[in-house]
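Coordinates as given in start-v6.tsv (TSV, C-alpha atoms):
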chain	number	residue	atom	x	y	z
A	1	MET	CA	-19.46	-8.52	-49.96
A	2	THR	CA	-18.71	-7.30	-53.50
A	3	ASP	CA	-17.08	-9.75	-55.90
A	4	ALA	CA	-13.81	-8.67	-57.51
A	5	VAL	CA	-13.73	-11.42	-60.17
A	6	VAL	CA	-16.68	-13.40	-61.51
A	7	PHE	CA	-16.59	-16.23	-64.08
A	8	GLU	CA	-20.03	-17.20	-65.39
A	9	ASN	CA	-20.09	-20.40	-67.48
A	10	VAL	CA	-16.83	-19.44	-69.18
A	11	SER	CA	-15.49	-21.63	-71.97
A	12	LYS	CA	-12.41	-21.03	-74.08
A	13	ARG	CA	-11.61	-23.10	-77.13
A	14	PHE	CA	-8.58	-22.99	-79.39
A	15	ARG	CA	-8.15	-24.47	-82.81
A	16	GLY	CA	-5.75	-27.38	-82.77
A	17	GLY	CA	-2.44	-27.41	-84.64
A	18	GLN	CA	-2.23	-28.40	-88.28
A	19	ALA	CA	-0.49	-31.62	-89.23
A	20	TYR	CA	2.33	-31.53	-91.78
A	21	ARG	CA	0.98	-31.84	-95.32
A	22	ALA	CA	2.96	-32.86	-98.40
A	23	LEU	CA	2.16	-31.64	-101.92
A	24	ARG	CA	0.34	-34.90	-102.68
A	25	ASP	CA	-1.94	-34.28	-99.69
A	26	ASP	CA	-2.91	-30.85	-101.04
A	27	ILE	CA	-3.55	-32.32	-104.50
A	28	VAL	CA	-5.72	-35.11	-103.09
A	29	GLY	CA	-7.59	-32.56	-100.93
A	30	ALA	CA	-8.24	-30.31	-103.94
A	31	LEU	CA	-9.57	-33.24	-105.97
A	32	GLY	CA	-11.73	-34.25	-103.04
A	33	ARG	CA	-13.32	-30.81	-102.90
A	34	VAL	CA	-14.00	-30.97	-106.66
A	35	VAL	CA	-15.90	-34.25	-106.32
A	36	GLY	CA	-17.71	-33.08	-103.18
A	37	LEU	CA	-15.86	-34.96	-100.42
A	38	LYS	CA	-16.11	-33.32	-96.99
A	39	ARG	CA	-13.03	-32.23	-95.13
A	40	GLY	CA	-12.17	-33.88	-91.84
A	41	SER	CA	-13.42	-32.29	-88.63
A	42	GLU	CA	-11.23	-29.54	-87.21
A	43	GLN	CA	-9.38	-30.29	-83.98
A	44	VAL	CA	-10.52	-28.10	-81.08
A	45	VAL	CA	-8.76	-27.74	-77.71
A	46	ARG	CA	-11.02	-26.94	-74.75
A	47	ALA	CA	-8.81	-24.90	-72.43
A	48	LEU	CA	-11.78	-23.92	-70.22
A	49	ASP	CA	-15.07	-25.78	-70.20
A	50	ASP	CA	-18.09	-24.13	-68.54
A	51	VAL	CA	-16.13	-22.69	-65.60
A	52	SER	CA	-17.99	-20.68	-62.95
A	53	PHE	CA	-16.66	-19.15	-59.74
A	54	SER	CA	-16.54	-15.80	-57.96
A	55	ILE	CA	-13.79	-14.19	-55.88
A	56	PRO	CA	-14.83	-11.64	-53.22
A	57	GLU	CA	-12.83	-8.43	-52.89
A	58	GLY	CA	-9.81	-8.86	-50.66
A	59	GLN	CA	-9.61	-12.64	-50.95
A	60	SER	CA	-6.40	-14.50	-51.73
A	61	PHE	CA	-7.36	-17.13	-54.29
A	62	ALA	CA	-5.36	-19.94	-55.91
A	63	LEU	CA	-5.83	-21.85	-59.14
A	64	LEU	CA	-4.31	-25.34	-58.94
A	65	GLY	CA	-3.98	-28.24	-61.33
A	66	PRO	CA	-1.58	-30.11	-63.60
A	67	ASN	CA	0.01	-28.55	-66.66
A	68	GLY	CA	-2.61	-27.99	-69.33
A	69	ALA	CA	-5.48	-27.78	-66.83
A	70	GLY	CA	-6.45	-24.25	-67.95
A	71	LYS	CA	-4.99	-22.15	-65.13
A	72	THR	CA	-3.03	-19.69	-67.28
A	73	THR	CA	-5.89	-19.42	-69.76
A	74	ALA	CA	-8.19	-18.41	-66.88
A	75	LEU	CA	-5.76	-15.64	-65.88
A	76	LYS	CA	-5.46	-14.43	-69.48
A	77	VAL	CA	-9.24	-14.28	-69.76
A	78	ALA	CA	-9.49	-12.37	-66.46
A	79	SER	CA	-6.83	-9.87	-67.59
A	80	ARG	CA	-8.45	-9.55	-71.06
A	81	ILE	CA	-5.34	-10.72	-72.87
A	82	THR	CA	-7.78	-13.07	-74.55
A	83	TYR	CA	-11.55	-13.36	-74.50
A	84	PRO	CA	-13.81	-16.31	-73.73
A	85	THR	CA	-15.44	-18.29	-76.51
A	86	SER	CA	-18.63	-18.29	-74.46
A	87	GLY	CA	-19.71	-17.13	-71.03
A	88	ARG	CA	-19.03	-13.91	-69.18
A	89	VAL	CA	-16.16	-12.56	-67.08
A	90	ARG	CA	-16.45	-9.54	-64.80
A	91	VAL	CA	-13.45	-7.95	-63.05
A	92	ARG	CA	-13.91	-5.01	-60.70
A	93	GLY	CA	-11.11	-2.46	-60.34
A	94	ARG	CA	-7.61	-1.96	-61.68
A	95	VAL	CA	-5.79	-5.17	-62.66
A	96	GLY	CA	-2.08	-5.83	-62.28
A	97	ALA	CA	-0.95	-8.97	-64.05
A	98	LEU	CA	2.24	-11.01	-64.25
A	99	ILE	CA	1.29	-13.97	-66.41
A	100	GLU	CA	4.43	-14.38	-68.49
A	101	VAL	CA	7.93	-12.98	-68.17
A	102	GLY	CA	7.81	-9.47	-69.61
A	103	THR	CA	4.01	-9.11	-69.42
A	104	GLY	CA	2.95	-5.54	-70.16
A	105	MET	CA	6.42	-4.28	-71.09
A	106	HIS	CA	7.60	-2.95	-74.45
A	107	PRO	CA	10.90	-4.57	-75.46
A	108	GLU	CA	12.19	-1.50	-77.32
A	109	LEU	CA	11.71	0.87	-74.38
A	110	THR	CA	14.07	1.15	-71.43
A	111	GLY	CA	13.14	-0.09	-67.98
A	112	ARG	CA	12.52	3.50	-66.86
A	113	GLU	CA	10.25	4.21	-69.83
A	114	ASN	CA	8.33	0.98	-69.21
A	115	VAL	CA	7.56	2.08	-65.66
A	116	ASP	CA	5.86	5.21	-67.04
A	117	LEU	CA	4.09	3.25	-69.81
A	118	TYR	CA	2.75	0.55	-67.48
A	119	GLY	CA	1.43	3.13	-65.03
A	120	ARG	CA	-0.35	5.09	-67.76
A	121	ILE	CA	-1.92	1.88	-69.10
A	122	LEU	CA	-3.32	1.27	-65.62
A	123	GLY	CA	-4.82	4.77	-65.62
A	124	LEU	CA	-2.40	6.41	-63.20
A	125	SER	CA	-1.20	9.96	-63.69
A	126	ARG	CA	2.47	10.69	-64.33
A	127	ARG	CA	2.68	12.17	-60.83
A	128	ASP	CA	1.28	8.97	-59.27
A	129	VAL	CA	3.78	6.85	-61.16
A	130	ARG	CA	6.67	9.11	-60.14
A	131	SER	CA	5.63	8.91	-56.48
A	132	ARG	CA	6.07	5.13	-56.60
A	133	PHE	CA	9.08	5.06	-58.91
A	134	ASP	CA	11.78	4.68	-56.23
A	135	GLU	CA	9.87	1.88	-54.51
A	136	ILE	CA	9.49	0.00	-57.80
A	137	VAL	CA	13.18	0.35	-58.69
A	138	GLU	CA	14.30	-0.69	-55.21
A	139	PHE	CA	12.12	-3.82	-55.30
A	140	ALA	CA	13.20	-4.78	-58.84
A	141	ASP	CA	16.89	-4.35	-57.92
A	142	ILE	CA	18.17	-4.40	-61.51
A	143	GLY	CA	20.84	-1.72	-61.05
A	144	GLY	CA	22.07	0.20	-64.09
A	145	ALA	CA	20.02	-1.99	-66.44
A	146	LEU	CA	17.10	0.34	-65.76
A	147	GLU	CA	18.38	2.60	-68.56
A	148	GLN	CA	18.72	-0.25	-71.08
A	149	PRO	CA	16.03	-1.51	-73.49
A	150	VAL	CA	14.02	-4.34	-71.96
A	151	LYS	CA	14.90	-6.59	-74.91
A	152	GLN	CA	18.47	-6.63	-73.53
A	153	PHE	CA	17.30	-7.86	-70.10
A	154	SER	CA	17.73	-11.44	-69.01
A	155	SER	CA	14.50	-13.32	-68.24
A	156	GLY	CA	15.20	-12.90	-64.52
A	157	MET	CA	15.61	-9.12	-64.87
A	158	GLN	CA	12.40	-8.88	-66.90
A	159	LEU	CA	10.63	-10.82	-64.21
A	160	ARG	CA	11.91	-8.56	-61.46
A	161	LEU	CA	10.76	-5.42	-63.21
A	162	GLY	CA	7.47	-6.96	-64.33
A	163	PHE	CA	6.49	-8.08	-60.85
A	164	ALA	CA	7.60	-4.80	-59.30
A	165	LEU	CA	5.36	-2.92	-61.74
A	166	ALA	CA	2.36	-5.19	-61.29
A	167	ALA	CA	2.58	-5.23	-57.48
A	168	HIS	CA	3.46	-1.60	-56.70
A	169	LEU	CA	1.10	0.44	-58.87
A	170	GLU	CA	-1.87	-0.13	-56.53
A	171	PRO	CA	-3.75	-2.88	-58.36
A	172	ASP	CA	-7.20	-3.76	-57.02
A	173	VAL	CA	-6.73	-7.26	-58.44
A	174	LEU	CA	-3.29	-8.86	-58.80
A	175	LEU	CA	-3.00	-11.84	-61.16
A	176	VAL	CA	0.24	-13.82	-60.77
A	177	ASP	CA	1.19	-16.90	-62.77
A	178	GLU	CA	4.03	-19.37	-62.19
A	179	ALA	CA	6.34	-16.75	-63.67
A	180	ILE	CA	7.89	-15.98	-60.24
A	181	ALA	CA	9.55	-19.41	-60.36
A	182	VAL	CA	12.06	-17.89	-62.80
A	183	GLY	CA	13.54	-15.71	-60.06
A	184	ASP	CA	16.12	-16.71	-57.50
A	185	ALA	CA	15.15	-17.88	-54.00
A	186	GLY	CA	15.57	-14.44	-52.44
A	187	PHE	CA	13.38	-12.75	-55.03
A	188	GLN	CA	10.71	-15.46	-54.74
A	189	TYR	CA	10.55	-14.81	-51.00
A	190	ARG	CA	10.15	-11.07	-51.55
A	191	CYS	CA	7.39	-11.72	-54.11
A	192	VAL	CA	5.44	-13.86	-51.65
A	193	GLU	CA	5.86	-11.25	-48.91
A	194	ARG	CA	4.70	-8.49	-51.24
A	195	MET	CA	1.61	-10.49	-52.21
A	196	ARG	CA	0.90	-11.08	-48.53
A	197	GLU	CA	1.10	-7.32	-47.89
A	198	LEU	CA	-1.33	-6.59	-50.73
A	199	VAL	CA	-3.83	-9.09	-49.35
A	200	GLN	CA	-3.54	-7.51	-45.89
A	201	GLU	CA	-4.26	-4.14	-47.52
A	202	GLY	CA	-7.51	-5.55	-48.91
A	203	ARG	CA	-6.38	-6.23	-52.49
A	204	THR	CA	-7.57	-9.33	-54.33
A	205	LEU	CA	-4.95	-11.93	-55.29
A	206	VAL	CA	-5.36	-14.64	-57.91
A	207	PHE	CA	-2.30	-16.89	-57.73
A	208	VAL	CA	-1.25	-19.75	-60.01
A	209	SER	CA	1.70	-21.84	-58.86
A	210	HIS	CA	3.03	-25.37	-58.49
A	211	ASN	CA	4.59	-24.32	-55.17
A	212	MET	CA	2.03	-25.89	-52.84
A	213	SER	CA	3.68	-24.45	-49.75
A	214	ALA	CA	3.30	-20.89	-51.06
A	215	ILE	CA	-0.34	-21.51	-51.97
A	216	GLU	CA	-1.21	-23.07	-48.64
A	217	SER	CA	0.41	-20.34	-46.56
A	218	LEU	CA	-0.68	-17.41	-48.75
A	219	CYS	CA	-4.17	-18.23	-50.05
A	220	GLU	CA	-7.49	-18.56	-48.25
A	221	ARG	CA	-9.31	-20.42	-51.01
A	222	GLY	CA	-8.44	-22.55	-54.00
A	223	VAL	CA	-10.01	-24.06	-57.10
A	224	LEU	CA	-8.65	-27.23	-58.68
A	225	LEU	CA	-8.85	-27.43	-62.47
A	226	ASP	CA	-8.48	-30.55	-64.58
A	227	HIS	CA	-8.84	-30.46	-68.39
A	228	GLY	CA	-10.56	-27.09	-68.18
A	229	ARG	CA	-13.16	-28.11	-65.60
A	230	ILE	CA	-13.44	-27.38	-61.87
A	231	THR	CA	-13.05	-30.55	-59.78
A	232	ALA	CA	-12.69	-28.99	-56.31
A	233	ASP	CA	-13.43	-25.62	-54.69
A	234	GLY	CA	-12.81	-24.82	-51.03
A	235	PRO	CA	-10.24	-23.76	-48.42
A	236	ALA	CA	-6.76	-23.70	-49.98
A	237	ARG	CA	-5.40	-26.30	-47.55
A	238	ASP	CA	-8.13	-28.80	-48.44
A	239	VAL	CA	-7.69	-28.24	-52.18
A	240	VAL	CA	-3.90	-28.63	-51.89
A	241	ARG	CA	-4.47	-31.92	-50.05
A	242	ASP	CA	-6.90	-33.12	-52.74
A	243	TYR	CA	-4.47	-32.22	-55.52
A	244	LEU	CA	-1.45	-33.90	-53.92
A	245	ARG	CA	-3.51	-37.02	-53.16
A	246	GLN	CA	-4.56	-37.17	-56.81
A	247	VAL	CA	-0.92	-36.95	-57.89
A	248	GLU	CA	0.00	-39.74	-55.46
A	249	ALA	CA	-2.87	-41.94	-56.63
A	250	SER	CA	-1.88	-41.54	-60.27
A	251	LEU	CA	1.71	-42.57	-59.45
A	252	VAL	CA	0.56	-45.74	-57.69
A	253	GLU	CA	-1.93	-46.65	-60.44
A	254	GLU	CA	0.40	-46.00	-63.37
A	255	ASP	CA	3.48	-47.73	-61.96
A	256	ALA	CA	2.50	-50.95	-60.24
A	257	ALA	CA	4.99	-53.67	-59.35
A	258	ARG	CA	6.57	-55.22	-62.42
A	259	SER	CA	8.84	-58.10	-63.27
A	260	VAL	CA	12.55	-57.26	-63.54
A	261	THR	CA	15.13	-59.64	-64.91
A	262	GLY	CA	18.88	-59.91	-64.53
A	263	GLY	CA	21.57	-62.51	-65.03
A	264	GLY	CA	19.64	-65.75	-64.53
A	265	LEU	CA	17.41	-64.20	-61.85
A	266	ALA	CA	14.05	-62.44	-62.12
A	267	ILE	CA	12.07	-60.57	-59.47
A	268	VAL	CA	8.58	-61.46	-60.68
A	269	ASP	CA	6.56	-59.58	-58.04
A	270	VAL	CA	6.94	-57.28	-55.04
A	271	THR	CA	4.27	-57.44	-52.33
A	272	LEU	CA	3.74	-55.70	-49.00
A	273	HIS	CA	2.65	-57.48	-45.80
A	274	ASP	CA	1.62	-56.29	-42.34
A	275	GLU	CA	2.79	-57.66	-39.01
A	276	SER	CA	0.29	-60.57	-39.17
A	277	GLY	CA	1.56	-61.59	-42.61
A	278	GLY	CA	-1.50	-60.40	-44.50
A	279	ARG	CA	-0.96	-58.73	-47.85
A	280	VAL	CA	-1.63	-55.00	-47.88
A	281	GLU	CA	-1.55	-52.23	-50.47
A	282	GLU	CA	-0.86	-49.44	-47.96
A	283	ALA	CA	1.58	-49.42	-45.07
A	284	ALA	CA	0.57	-48.34	-41.58
A	285	PRO	CA	2.80	-45.63	-40.06
A	286	GLY	CA	4.68	-46.64	-36.94
A	287	ARG	CA	3.99	-50.35	-37.54
A	288	PRO	CA	6.10	-53.19	-39.01
A	289	LEU	CA	6.16	-53.58	-42.78
A	290	THR	CA	7.45	-56.59	-44.71
A	291	VAL	CA	8.62	-56.20	-48.30
A	292	ARG	CA	8.46	-59.56	-50.07
A	293	LEU	CA	10.57	-60.03	-53.21
A	294	HIS	CA	9.23	-62.98	-55.24
A	295	PHE	CA	12.01	-64.41	-57.41
A	296	ARG	CA	12.58	-67.00	-60.13
A	297	ALA	CA	16.10	-68.37	-60.65
A	298	SER	CA	16.86	-70.27	-63.84
A	299	SER	CA	19.73	-72.08	-62.06
A	300	PRO	CA	21.09	-72.21	-58.49
A	301	ILE	CA	22.73	-68.96	-57.34
A	302	ASP	CA	25.19	-69.00	-54.42
A	303	GLU	CA	25.06	-66.30	-51.75
A	304	PRO	CA	22.99	-63.65	-53.56
A	305	ILE	CA	23.07	-60.23	-51.94
A	306	PHE	CA	19.59	-58.67	-51.76
A	307	GLU	CA	19.11	-54.97	-51.12
A	308	VAL	CA	15.94	-52.95	-50.49
A	309	GLY	CA	15.74	-49.17	-50.21
A	310	LEU	CA	13.05	-46.60	-49.47
A	311	ASN	CA	13.02	-43.36	-51.42
A	312	ASP	CA	10.84	-40.25	-51.58
A	313	GLY	CA	11.89	-39.15	-55.06
A	314	ARG	CA	15.18	-37.49	-54.16
A	315	ILE	CA	18.62	-38.78	-55.10
A	316	GLY	CA	19.45	-41.95	-53.20
A	317	PRO	CA	17.41	-43.88	-50.62
A	318	PHE	CA	16.78	-42.43	-47.16
A	319	ALA	CA	16.64	-45.99	-45.72
A	320	LEU	CA	18.57	-49.05	-46.91
A	321	ALA	CA	18.47	-52.73	-45.96
A	322	SER	CA	21.45	-54.52	-47.47
A	323	MET	CA	22.83	-58.03	-47.00
A	324	LEU	CA	26.14	-56.55	-48.14
A	325	ILE	CA	26.17	-54.70	-44.81
A	326	ASP	CA	24.45	-57.07	-42.36
A	327	GLY	CA	25.84	-60.32	-43.81
A	328	GLN	CA	22.53	-62.21	-43.76
A	329	ALA	CA	22.69	-63.52	-47.33
A	330	PRO	CA	21.23	-67.01	-47.88
A	331	ARG	CA	23.59	-69.84	-48.82
A	332	SER	CA	21.88	-70.25	-52.19
A	333	ILE	CA	18.59	-69.83	-54.01
A	334	SER	CA	17.05	-71.79	-56.89
A	335	GLY	CA	13.73	-72.16	-58.68
A	336	GLU	CA	10.90	-69.99	-57.33
A	337	GLY	CA	10.72	-68.45	-53.87
A	338	TYR	CA	10.74	-65.21	-51.99
A	339	VAL	CA	12.90	-63.10	-49.73
A	340	ASP	CA	11.36	-61.00	-46.97
A	341	CYS	CA	12.74	-57.74	-45.67
A	342	THR	CA	10.88	-56.53	-42.57
A	343	PHE	CA	11.17	-52.98	-41.28
A	344	ALA	CA	10.33	-53.25	-37.59
A	345	ASP	CA	9.01	-49.70	-37.32
A	346	LEU	CA	7.99	-47.40	-40.16
A	347	PRO	CA	8.39	-43.81	-38.87
A	348	LEU	CA	7.13	-42.28	-42.12
A	349	LEU	CA	4.61	-39.54	-42.80
A	350	PRO	CA	1.50	-40.38	-44.86
A	351	ARG	CA	2.39	-40.05	-48.55
A	352	VAL	CA	3.59	-42.08	-51.53
A	353	TYR	CA	7.11	-43.55	-51.51
A	354	GLU	CA	9.30	-45.48	-53.93
A	355	LEU	CA	10.52	-48.99	-53.19
A	356	TRP	CA	13.89	-49.76	-54.77
A	357	GLY	CA	15.78	-53.02	-54.91
A	358	GLY	CA	18.57	-55.00	-56.51
A	359	VAL	CA	20.52	-58.26	-56.24
A	360	ARG	CA	24.30	-58.58	-56.36
A	361	HIS	CA	26.62	-61.54	-56.83
A	362	GLY	CA	27.84	-63.15	-53.63
A	363	ALA	CA	31.17	-61.33	-53.54
A	364	GLY	CA	29.41	-57.98	-54.01
A	365	PHE	CA	30.87	-57.47	-57.49
A	366	GLY	CA	28.47	-57.17	-60.42
A	367	ASP	CA	24.68	-57.20	-60.38
A	368	LEU	CA	22.26	-60.04	-60.95
A	369	VAL	CA	19.39	-57.53	-60.95
A	370	ASP	CA	20.28	-53.88	-61.40
A	371	TRP	CA	19.39	-51.44	-58.62
A	372	GLN	CA	16.10	-49.89	-59.74
A	373	ARG	CA	12.67	-48.75	-58.65
A	374	LEU	CA	10.43	-51.78	-58.16
A	375	ARG	CA	7.14	-50.09	-57.26
A	376	PHE	CA	5.39	-47.25	-55.48
A	377	PHE	CA	3.58	-47.67	-52.19
A	378	ARG	CA	1.63	-45.40	-49.88
A	379	VAL	CA	1.85	-44.94	-46.14
A	380	ALA	CA	-1.74	-44.55	-44.96
A	381	GLY	CA	-3.14	-41.78	-42.77
A	382	GLU	CA	-3.93	-38.11	-42.91
A	383	VAL	CA	-1.65	-35.16	-42.31
A	384	ASP	CA	-2.32	-33.32	-39.08
A	385	GLY	CA	-0.96	-30.04	-37.75
A	386	GLY	CA	-2.01	-26.43	-37.54
A	387	GLY	CA	0.99	-24.75	-39.15
A	388	PRO	CA	0.59	-22.39	-42.13
A	389	ALA	CA	1.90	-25.03	-44.58
A	390	ALA	CA	1.22	-28.27	-42.71
A	391	VAL	CA	-0.22	-30.20	-45.64
A	392	SER	CA	2.22	-29.19	-48.39
A	393	HIS	CA	5.33	-29.57	-46.21
A	394	SER	CA	4.22	-32.91	-44.78
A	395	LEU	CA	3.45	-34.29	-48.24
A	396	SER	CA	6.55	-33.02	-50.02
A	397	ASN	CA	9.41	-32.46	-47.55
A	398	ALA	CA	11.24	-34.55	-44.92
A	399	PRO	CA	9.48	-37.95	-44.88
A	400	VAL	CA	10.68	-39.38	-41.57
A	401	ARG	CA	8.67	-38.68	-38.42
A	402	LEU	CA	10.87	-38.50	-35.31
A	403	PRO	CA	9.56	-37.57	-31.86
A	404	TYR	CA	10.45	-34.00	-30.92
A	405	ARG	CA	9.33	-31.08	-28.78
A	406	TRP	CA	9.99	-27.35	-28.62
A	407	GLY	CA	11.22	-25.41	-25.62
A	408	PHE	CA	11.23	-21.67	-24.93
A	409	GLY	CA	13.22	-19.36	-22.70
A	410	GLY	CA	14.35	-15.81	-22.26
A	411	GLY	CA	12.25	-13.18	-24.01
A	412	VAL	CA	9.92	-15.61	-25.79
A	413	SER	CA	6.19	-15.05	-25.42
A	414	ASN	CA	3.95	-18.00	-26.14

Output the file's structure in the form of structure tokens.
Amino acid sequence: MTDAVVFENVSKRFRGGQAYRALRDDIVGALGRVVGLKRGSEQVVRALDDVSFSIPEGQSFALLGPNGAGKTTALKVASRITYPTSGRVRVRGRVGALIEVGTGMHPELTGRENVDLYGRILGLSRRDVRSRFDEIVEFADIGGALEQPVKQFSSGMQLRLGFALAAHLEPDVLLVDEAIAVGDAGFQYRCVERMRELVQEGRTLVFVSHNMSAIESLCERGVLLDHGRITADGPARDVVRDYLRQVEASLVEEDAARSVTGGGLAIVDVTLHDESGGRVEEAAPGRPLTVRLHFRASSPIDEPIFEVGLNDGRIGPFALASMLIDGQAPRSISGEGYVDCTFADLPLLPRVYELWGGVRHGAGFGDLVDWQRLRFFRVAGEVDGGGPAAVSHSLSNAPVRLPYRWGFGGGVSN
């Protein structure tokens, strides 16, 4: 099979920014040069570092990684917006690119004139461009703005026209960056469907996005970049899983349990325990989990109200244990000790969660320890399922696993 895109030991380096210099710094530097002092070494940013991969014709391919990993730089090198510092890049066929909002469009020309210009840049005849004009305009859906200069477009309108141009003028290779995130939900859906159609037609897609669901359902293969280097290469679903697990691991490592202090009371540690009482770092799904709040009270505190919540990063906890509700507050606490909160069954999907907590005064008015995140913890296990976005949806959407089944009737074929 012929390769559409080939990166051979590609590196791209940029000169770092210059620090602010006062007049005295310039004077000292000039004197230093007179007496033969060497200048400090120049800062260099390695956007890509010896990157090699190949993409066969007709493959849907994803570039994943955190911000600053080198994904956009790789697309710019492939589209020849910039050139590698070293190494070689080969791209076979006509390239359509949407790397930034307004890519390939002239701000002084109208939307209609930009359609003609973009097509001619891609090597299409005026007749070929005209034959696709109505389809482009219908997809962009920018109304009367088509006759206005592009510089008067909103960023969303520029995006609509830019993607319509890149995706409808028969590119052999379509390069799409995170730019589609600027559009509304309806337009994002149409973009994904259009990319799916191009792949089915045998076009090559190189897709950069932080939407893991779109990558998993749309792309066959993925490459994970980190600081300009490839750290994983394989089926898109496996690479998405690796990336999300790395994100989870960094959260747990960077934000361990910490001491929090309030009015005469401190929570000095938060530990997790299994059903046998042993301390664990990961919770087992479907099994009991005990959250132990280790406290230190500088003086006796009557009827403290402890609360523990589980959160998946959204606003508010999805599960709450509160003595303000169940009335199980102790008569008093003093010195050092601990309070256990045991969840009898943890119906949670494998991923990282937030553990929140707080302590109120006995009457429920005022806080001894403010409600806050106490630590992260992970529910162990691997995501299973054969759906088109099983990994990304399981690791980022509804966290609670409830038993369910599907039923069919009428004209449903299964």

Option closest in space to Glu303 in chain A, from A:Asn211, A:Thr82, A:Ser332, A:Thr290 [counting only C-alpha atoms]: A:Ser332

Among listed residues A:Gly366, A:Ser213, A:Glu354, A:Glu220, nearest Ala389 in chain A (using only C-alpha atoms): A:Ser213

Closest of A:Arg229, A:Val95, A:Gly387, A:Ala344 to Asp274 in chain A - atom-to-atom distances counting only C-alpha atoms: A:Ala344

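Among the candidates A:Gln43, A:Asn311, A:Thr271, A:Ser392, the one nearest to Asp340 in chain A when counting only C-alpha atoms is A:Thr271.
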
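Of note, CA of Val270 in chain A and CA of Ala249 in chain A are spaced 18.3 Å apart.
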
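The gap separating CA of Pro399 in chain A from CA of Cys341 in chain A is 20.1 Å, in Å to one decimal.
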
Hey, can I get the axis-aligned box for range 349-359 of chain A? All listed atoms, 5 Å padding on each side, centre and edge lengths in Å to one decimal, as JSON.
{"center_x": 11.0, "center_y": -48.9, "center_z": -49.7, "size_x": 29.0, "size_y": 28.7, "size_z": 23.7}
